[in-house]
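One structure is given below, encoded as structure tokens.
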Amino acid sequence: MSSPIRVAVTGAAGQIGYSILFRLASGETFGKNRQVILQLVDLPIPEVQKAQEGVAMELLDCGFKTLAGVTCHDNPVSGFDGVSWALLVGATPRGPGMARADLIAVNGGIFKPQGQALERGAKDLRVLVVGNPCNTNCLIAASNCNGVPKERFFAMTRLDENRAVAQLAGKAGVTNADISNVAVFGNHSESMYPDFENAKIKGKPVTEVITDLEWLRGPFVAAVQNRGKAIIAARGKSSAASAASAAIDHIIDLENKTAEGQFFSAAVWSDGSYDAPKGIYTSMPCVSDGKGGYSVVQGLHLSDWAKAKIKATNDELLSERAVVADLLK
Ligand code: NAX
């Protein structure tokens with residue numbers, strides 16, 4: 001076996017933490033031949049630390065052959081030491097009556113010091129921000145992390161892609177495996193745009209299989225945009241297992257070379273592709289070279305209708321950036 005990979009997870013005592021850690025440890029994510037050391041990070045509150053210890057105990061009790069160690073941390077400085085992947089899940093949730101701008105500002109206070117602490121990561125560090133508002137939290141963390149390229153930071157929109165795949169499969173009466181090339185553009189918020197114009201069902205354009213353009217532009221897009229709310233309404237809690245699963249998908253996508261003709265969605269440091277403004281993390285169709293690098297897929301054709309949707313979600317990201325301007329370097 002090669003040397004163990006260190007992976008930090010913040011919010012390790014939370015819902016998503018409880019779903020993700022076991023799948024990171026089991027060999028499913030990094031392969032059966034790669035050992036993993038998990039570095040759990042949560043708040044320095046005695047009950048929270050006790051709960052985190054309990055999760056660590058359960059991880060040990062699984063007896064995973066790929067788990068080489070588990071450590072518990074009450075701060076990001078020790079928690080991020082030597083990690084190759086940092087999954088920034090922990091964040092302050094939106095409270096009753098809290099404006100989005102206030103939520104963004106409160107979370108800025110978390111992601112600035114975490115960005116600074118990420119300087120202690122390994123040379124091959126990659127960071128996935130899940131905690132919301134994840135695109136802007138990612139911008140804050142990346143901007144405060146000296147010496148690590150912005151291209152090593154990602155915000156998670158893979159859950160939105162997976163949700164879109166499930167919606168298309170349900171409508172077309174096929175399985176998820178028949179759906180490919182669903183690009184999510186923009187912000188992980190209700191403004192996101194799940195692109196069906198370039199998506200495929202059994203290799204054919206979606207619009208040839210689902211000819212109801214009104215459904216695609218209306219209920220389909222709205223269902224993906226509002227799925228988080230629908231889960232809360234049904235379950236009384238926000239998405240957790242599906243969010244953890246999407247984060248695992250994101251890591252696997254980045255760790256492995258993307259198959260010819262396929263792509264996946266991730267919010268990345270904008271290089272101006274698809275007319276996105278620079279200086280934000282915005283979701284794009286990506287391919288991985290399997291060696292730590294990715295590139296944005298070029299040349300997808302988008303209608304003027306789709307371009308307007310993408311502009312709107314990117315405009316929202318610019319307004320979020322303005323709220324946290326004093327936290328950026
Ligand atoms: P929970 O409230 O169950 O857990 C959050 C955990 O984070 C708690 O244990 C808390 O103590 C910890 N925490 C808070 N501040 C911290 C800090 N500064 N350092 C370390 N730990 C800290 O929330 P959960 O359901 O796990 O969701 C976590 C985050 O994921 C939320 O911000 C949520 O909005 C976001 N989501 C993002 C999704 C995405 O697709 N990007 C989808 C799912 C989810 O809504």
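Numbering starts fresh at 1 for the residues of each chain in the structure tokens, the chains themselves are lettered A, B, ... in the order given, and ligands are numbered from 1 as they appear.
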Long-range neighbours of Ala241 in chain A as a list in words, 7 Å cut-off, only C-alpha atoms, 3 positions minimum in chain: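 Contacts, with the query itself left out: Ile16, Ser19, Ala244 and Ser245 of chain A.
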If you keep N, CA and C atoms, can you produce a file of those selected residues as a CSV table (one decimal), in the first residue's frame?
chain,number,residue,atom,x,y,z
A,16,ILE,N,-24.0,15.7,8.0
A,16,ILE,CA,-23.2,15.3,6.8
A,16,ILE,C,-22.0,14.6,7.2
A,19,SER,N,-22.5,11.0,7.7
A,19,SER,CA,-22.7,10.2,6.5
A,19,SER,C,-21.4,10.1,5.7
A,244,ALA,N,-23.6,14.1,1.4
A,244,ALA,CA,-22.3,13.4,1.6
A,244,ALA,C,-22.0,12.5,0.4
A,245,SER,N,-23.0,11.9,-0.2
A,245,SER,CA,-22.7,11.1,-1.4
A,245,SER,C,-22.2,11.9,-2.5
With 6 Å as the cut-off and only C-alpha atoms and all ligand atoms counted, what is the closest atom pair between each nearby residue of chain A and ligand 1? Distances in Å to one decimal, ordered by chain and number, as JSON lines.
{"residue": "A:Thr10", "atom": "CA", "partner": "ligand 1", "partner_atom_place_in_ligand_line": "20 (C)", "distance": 4.7}
{"residue": "A:Gly11", "atom": "CA", "partner": "ligand 1", "partner_atom_place_in_ligand_line": "7 (O)", "distance": 3.2}
{"residue": "A:Ala12", "atom": "CA", "partner": "ligand 1", "partner_atom_place_in_ligand_line": "9 (O)", "distance": 5.9}
{"residue": "A:Ala13", "atom": "CA", "partner": "ligand 1", "partner_atom_place_in_ligand_line": "9 (O)", "distance": 4.1}
{"residue": "A:Gly14", "atom": "CA", "partner": "ligand 1", "partner_atom_place_in_ligand_line": "4 (O)", "distance": 3.3}
{"residue": "A:Gln15", "atom": "CA", "partner": "ligand 1", "partner_atom_place_in_ligand_line": "3 (O)", "distance": 3.8}
{"residue": "A:Ile16", "atom": "CA", "partner": "ligand 1", "partner_atom_place_in_ligand_line": "26 (O)", "distance": 3.8}
{"residue": "A:Gly17", "atom": "CA", "partner": "ligand 1", "partner_atom_place_in_ligand_line": "26 (O)", "distance": 5.7}
{"residue": "A:Val41", "atom": "CA", "partner": "ligand 1", "partner_atom_place_in_ligand_line": "20 (C)", "distance": 5.4}
{"residue": "A:Asp42", "atom": "CA", "partner": "ligand 1", "partner_atom_place_in_ligand_line": "21 (N)", "distance": 3.6}
{"residue": "A:Leu43", "atom": "CA", "partner": "ligand 1", "partner_atom_place_in_ligand_line": "21 (N)", "distance": 4.8}
{"residue": "A:Val89", "atom": "CA", "partner": "ligand 1", "partner_atom_place_in_ligand_line": "28 (C)", "distance": 5.0}
{"residue": "A:Gly90", "atom": "CA", "partner": "ligand 1", "partner_atom_place_in_ligand_line": "7 (O)", "distance": 3.2}
{"residue": "A:Ala91", "atom": "CA", "partner": "ligand 1", "partner_atom_place_in_ligand_line": "15 (N)", "distance": 4.3}
{"residue": "A:Thr92", "atom": "CA", "partner": "ligand 1", "partner_atom_place_in_ligand_line": "14 (C)", "distance": 5.3}
{"residue": "A:Pro93", "atom": "CA", "partner": "ligand 1", "partner_atom_place_in_ligand_line": "32 (O)", "distance": 5.5}
{"residue": "A:Ile110", "atom": "CA", "partner": "ligand 1", "partner_atom_place_in_ligand_line": "18 (N)", "distance": 4.9}
{"residue": "A:Val130", "atom": "CA", "partner": "ligand 1", "partner_atom_place_in_ligand_line": "41 (N)", "distance": 4.2}
{"residue": "A:Gly131", "atom": "CA", "partner": "ligand 1", "partner_atom_place_in_ligand_line": "32 (O)", "distance": 3.5}
{"residue": "A:Asn132", "atom": "CA", "partner": "ligand 1", "partner_atom_place_in_ligand_line": "32 (O)", "distance": 4.0}
{"residue": "A:Cys134", "atom": "CA", "partner": "ligand 1", "partner_atom_place_in_ligand_line": "41 (N)", "distance": 5.7}
{"residue": "A:Met156", "atom": "CA", "partner": "ligand 1", "partner_atom_place_in_ligand_line": "41 (N)", "distance": 4.7}
{"residue": "A:Thr157", "atom": "CA", "partner": "ligand 1", "partner_atom_place_in_ligand_line": "40 (O)", "distance": 5.6}
{"residue": "A:Leu159", "atom": "CA", "partner": "ligand 1", "partner_atom_place_in_ligand_line": "40 (O)", "distance": 5.2}
{"residue": "A:Ser238", "atom": "CA", "partner": "ligand 1", "partner_atom_place_in_ligand_line": "45 (O)", "distance": 5.5}
{"residue": "A:Ser239", "atom": "CA", "partner": "ligand 1", "partner_atom_place_in_ligand_line": "43 (C)", "distance": 5.0}
{"residue": "A:Ala240", "atom": "CA", "partner": "ligand 1", "partner_atom_place_in_ligand_line": "25 (O)", "distance": 5.4}
{"residue": "A:Ala243", "atom": "CA", "partner": "ligand 1", "partner_atom_place_in_ligand_line": "43 (C)", "distance": 4.8}
Who sits within 12 Å of range 147-150 of chain A, only C-alpha atoms, same chain under 2 positions skipped, as a PyMOL selection string: chain A and resi 84+115-128+138-145+152-155+267-271+278-281+293
Atom pair CA of Phe30 in chain A / CA of Gly63 in chain A: separation (Å):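 Rounded to one decimal, the two atoms are 16.6 Å apart.
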What does the structure give for the distance between CA of Thr66 in chain A and CA of Thr29 in chain A, in Å to one decimal?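 The value is 10.4 Å.
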Please report, as number ranges by chain, each residue of range 30-229 of chain A to which DSSP assigns strand (DSSP E) when run on this structure's backbone. A: 34-41, 67-73, 85-88, 126-129, 153-155, 179-180, 183-185, 193-195, 200-201, 204-205
